[in-house]
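Source file: entry31.txt. Holds: compact mmCIF, C-alpha atoms.
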```txt
# COMPACT_ATOMS: atom_id res chain seq x y z
CA MET N 699 18.10 -11.83 17.50
CA ILE N 700 20.83 -9.26 17.01
CA TYR N 701 18.64 -7.39 14.51
CA LYS N 702 15.77 -7.21 17.00
CA GLY N 703 18.08 -5.84 19.66
CA ALA N 704 19.53 -3.26 17.27
CA ALA N 705 16.07 -2.17 16.17
CA THR N 706 14.90 -1.85 19.78
CA MET N 707 17.98 0.14 20.76
CA GLY N 708 17.58 2.37 17.70
CA ALA N 709 14.04 3.17 18.78
CA LEU N 710 14.87 3.70 22.44
CA LEU N 711 18.06 5.75 22.15
CA PRO N 712 16.40 9.09 21.23
CA VAL N 713 13.90 8.72 24.08
CA ALA N 714 16.67 7.84 26.55
CA ALA N 715 18.78 10.78 25.35
CA ALA N 716 15.86 13.16 25.83
CA ALA N 717 15.23 11.80 29.33
CA ILE N 718 18.88 12.25 30.28
CA ALA N 719 18.87 15.79 28.88
CA GLY N 720 15.91 16.63 31.08
CA ASP N 721 13.34 17.18 28.32
CA LYS N 722 10.89 14.96 30.21
CA GLY N 723 9.33 13.50 27.06
CA ALA N 724 9.50 16.61 24.90
CA THR N 725 10.78 14.52 21.99
CA VAL N 726 7.80 12.21 22.13
CA ALA N 727 5.30 15.01 22.78
CA THR N 728 6.45 17.17 19.88
CA SER N 729 7.20 14.51 17.26
CA GLN N 730 5.13 14.71 14.09
CA PRO N 731 4.71 12.16 11.30
CA LEU N 732 7.19 12.46 8.46
CA ILE N 733 5.42 13.87 5.41
CA TRP N 734 6.66 12.89 1.96
CA ASN N 735 5.47 14.35 -1.33
CA PHE N 736 5.05 12.63 -4.67
CA VAL N 737 4.05 14.72 -7.67
CA GLY N 738 2.69 17.35 -5.31
CA TYR N 739 0.59 14.99 -3.17
CA PRO N 740 1.59 14.83 0.51
CA PHE N 741 1.30 11.61 2.52
CA GLU N 742 2.65 10.14 5.73
CA ALA N 743 5.78 8.09 5.16
CA GLY N 744 4.98 5.49 7.83
CA SER N 745 1.55 4.79 6.38
CA MET N 746 2.93 4.44 2.85
CA ILE N 747 5.67 2.05 3.95
CA ALA N 748 3.19 -0.04 5.96
CA GLY N 749 0.68 -0.23 3.11
CA ILE N 750 3.22 -1.06 0.41
CA CYS N 751 4.89 -3.74 2.56
CA ALA N 752 1.50 -5.32 3.35
CA CYS N 753 0.54 -5.31 -0.33
CA LEU N 754 3.84 -6.91 -1.34
CA ALA N 755 3.54 -9.55 1.38
CA VAL N 756 0.02 -10.50 0.34
CA ARG N 757 0.94 -10.65 -3.36
CA PHE N 758 3.88 -12.92 -2.47
CA TYR N 759 1.58 -15.09 -0.33
CA VAL N 760 -1.02 -15.35 -3.09
CA THR N 761 1.56 -16.37 -5.69
CA ALA N 762 3.25 -18.87 -3.35
CA LYS N 763 -0.11 -20.39 -2.36
CA ALA N 764 -1.06 -21.14 -5.98
CA GLY N 765 0.79 -24.48 -5.76
CA LYS N 766 1.08 -24.96 -9.49
CA GLU N 767 3.63 -23.48 -11.83
CA HIS N 768 3.23 -19.78 -11.48
CA ARG N 769 2.98 -17.43 -14.45
CA TRP N 770 5.11 -14.46 -13.48
CA THR N 771 4.23 -12.69 -16.71
CA LEU N 772 0.68 -12.41 -15.39
CA ASP N 773 1.48 -11.71 -11.76
CA TRP N 774 3.98 -8.85 -12.28
CA PRO N 775 1.44 -6.49 -13.90
CA VAL N 776 -1.27 -7.45 -11.40
CA SER N 777 1.11 -6.90 -8.46
CA ALA N 778 2.24 -3.56 -9.91
CA LEU N 779 -1.40 -2.49 -10.30
CA ALA N 780 -2.20 -3.55 -6.72
CA LEU N 781 0.82 -1.57 -5.46
CA LEU N 782 -0.23 1.51 -7.43
CA PHE N 783 -3.78 1.33 -6.11
CA THR N 784 -2.44 0.90 -2.57
CA ALA N 785 -0.18 3.94 -2.96
CA GLY N 786 -3.04 5.94 -4.48
CA ALA N 787 -5.44 5.02 -1.68
CA ILE N 788 -2.90 5.96 0.98
CA MET N 789 -2.09 9.26 -0.73
CA ARG N 790 -5.80 10.07 -1.11
CA LEU N 791 -7.10 8.92 2.28
CA ARG N 792 -3.97 9.56 4.42
CA PRO N 793 -4.76 6.79 6.95
CA ASP N 794 -2.79 5.98 10.07
CA PRO N 795 -0.26 3.12 9.69
CA ALA N 796 -2.60 0.45 11.09
CA LEU N 797 -5.35 1.29 8.62
CA ALA N 798 -2.77 1.54 5.82
CA LEU N 799 -1.85 -2.09 6.59
CA ILE N 800 -5.50 -3.03 6.07
CA TYR N 801 -5.67 -1.15 2.75
CA GLY N 802 -2.45 -2.76 1.53
CA THR N 803 -3.59 -6.23 2.58
CA GLY N 804 -7.02 -5.86 1.02
CA LEU N 805 -5.87 -4.38 -2.27
CA GLY N 806 -3.05 -6.93 -2.52
CA ALA N 807 -5.53 -9.74 -2.00
CA MET N 808 -7.92 -8.33 -4.61
CA GLY N 809 -5.34 -8.67 -7.36
CA VAL N 810 -7.13 -9.33 -10.66
CA THR N 811 -10.44 -8.23 -9.12
CA ILE N 812 -9.14 -4.65 -9.27
CA ILE N 813 -9.25 -4.86 -13.08
CA THR N 814 -12.85 -6.11 -13.05
CA VAL N 815 -13.97 -3.41 -10.61
CA ALA N 816 -12.23 -0.69 -12.64
CA LEU N 817 -13.77 -1.98 -15.88
CA ASN N 818 -17.28 -1.96 -14.38
CA PHE N 819 -16.67 1.53 -12.99
CA VAL N 820 -15.61 2.92 -16.37
CA GLN N 821 -18.40 1.17 -18.27
CA SER N 822 -21.03 2.58 -15.91
CA ARG N 823 -19.79 6.17 -16.30
CA ILE N 824 -18.72 6.50 -19.92
CA PRO N 825 -21.37 6.11 -22.61
CA GLY N 826 -20.26 3.74 -25.34
CA ALA N 827 -17.47 2.19 -23.22
CA ASP N 828 -19.25 -1.15 -23.31
CA GLU N 829 -19.19 -2.42 -26.88
CA SER N 830 -21.97 -4.97 -26.26
CA LYS N 831 -24.57 -2.30 -25.41
CA PRO N 832 -25.91 -0.02 -28.14
CA PRO N 833 -25.51 3.70 -27.38
CA ALA N 834 -28.65 5.25 -25.95
```

Let me see whether you can do it: turn the structure in this file into structure tokens.
Amino acid sequence: MIYKGAATMGALLPVAAAAIAGDKGATVATSQPLIWNFVGYPFEAGSMIAGICACLAVRFYVTAKAGKEHRWTLDWPVSALALLFTAGAIMRLRPDPALALIYGTGLGAMGVTIITVALNFVQSRIPGADESKPPA
């Protein structure tokens, strides 16, 4: 309960300070999303945080729901891959935070399916990538 109150006060204090100073909402009207860069690619910080947190939450839910003894040696690489795809999608598409939550949730839920989709994608575009088919 204390954490909720502190978070609410932390969000409201700048707005209250601007109202007292007489800015009449100038802080809210002129605020822009925080832009971070990673290896030269810009993205909105809020969207990235939302997507990554959603992906982590779904991966935790999927592993906890398994019910049997979980193989962490398998889940760590799959979770890392899901997180990387989530980060890549957010950097490429630059969605708003709500849509970033959807991307993170969906890619986190896909898990091992990401590997199958990527394999099919590569095999359809690179001749000779599929060993079972003779080269044309």

Please, which residues in segment 741-780 of chain N fall within 7 Å of segment 794-799 of chain N when counting all atoms listed in the file, and what is the closest atom pair and distance in Å to one decimal for each, ordered by chain then residue number, as CSV?
```
residue,atom,partner,partner_atom,distance
N:Gly744,CA,N:Pro795,CA,6.0
N:Ser745,CA,N:Pro795,CA,4.1
N:Ala748,CA,N:Leu799,CA,5.5
N:Gly749,CA,N:Leu799,CA,4.7
N:Ala752,CA,N:Leu799,CA,5.7
```

One-decimal distance in Å that lies between atom CA of Tyr739 of chain N and atom CA of Val820 of chain N
24.1 Å

Could you state the separation of atom CA of Leu754 of chain N and atom CA of Pro775 of chain N in Å, given to one decimal place?
12.8 Å

Under the rule that only C-alpha atoms are counted, which of N:Pro793, N:Gly826, N:Ala743, N:Val776 is the nearest residue to Thr811 of chain N?
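Under the stated criterion, the closest residue is N:Val776.
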
Please identify all polymer residues within 9 Å of Phe741 of chain N, counting all atoms listed in the file, omitting same-chain residues fewer than 4 positions from it, and present them as a list in words.
Leu732, Ile733, Trp734, Asn735, Phe736, Ser745, Met746, Ile788, Met789, Arg790, Leu791, Arg792 and Pro793 of chain N

Quick one: what's the axis-aligned box for segment 731-737 of chain N, all listed atoms, 4 Å on every side, centre and edges in Å to one decimal, as lines of an AutoDock Vina configuration file?
```
center_x = 5.6
center_y = 13.4
center_z = 1.8
size_x = 11.1
size_y = 10.6
size_z = 27.0
```

So, with all atoms listed in the file as the atoms that count, which of N:Pro825, N:Pro731, N:Gly738, N:Gly802 lies closest to Ala755 of chain N?
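Smallest separation from Ala755 of chain N among the options: N:Gly802.
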
For each of N:Phe819, N:Trp774, N:Phe783, N:Phe758, take the minimum atom-to-atom distance to Tyr801 of chain N, counting only C-alpha atoms, then give the residue where this is smallest.
N:Phe783

What does the distance between atom CA of Ala816 of chain N and atom CA of Lys763 of chain N come to in Å, to one decimal place?
25.3 Å

Given the choices N:Val815, N:Leu805, N:Ala762, N:Leu772, which gets closest to Gly786 of chain N if the distance is worked out from all atoms listed in the file?
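Nearest to Gly786 of chain N: N:Leu805.
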
Give the answer as one residue: which of N:Thr728, N:Thr761, N:Thr784, N:Ala778 has the shortest atom-to-atom distance to Ile747 of chain N, using all atoms listed in the file?
N:Thr784
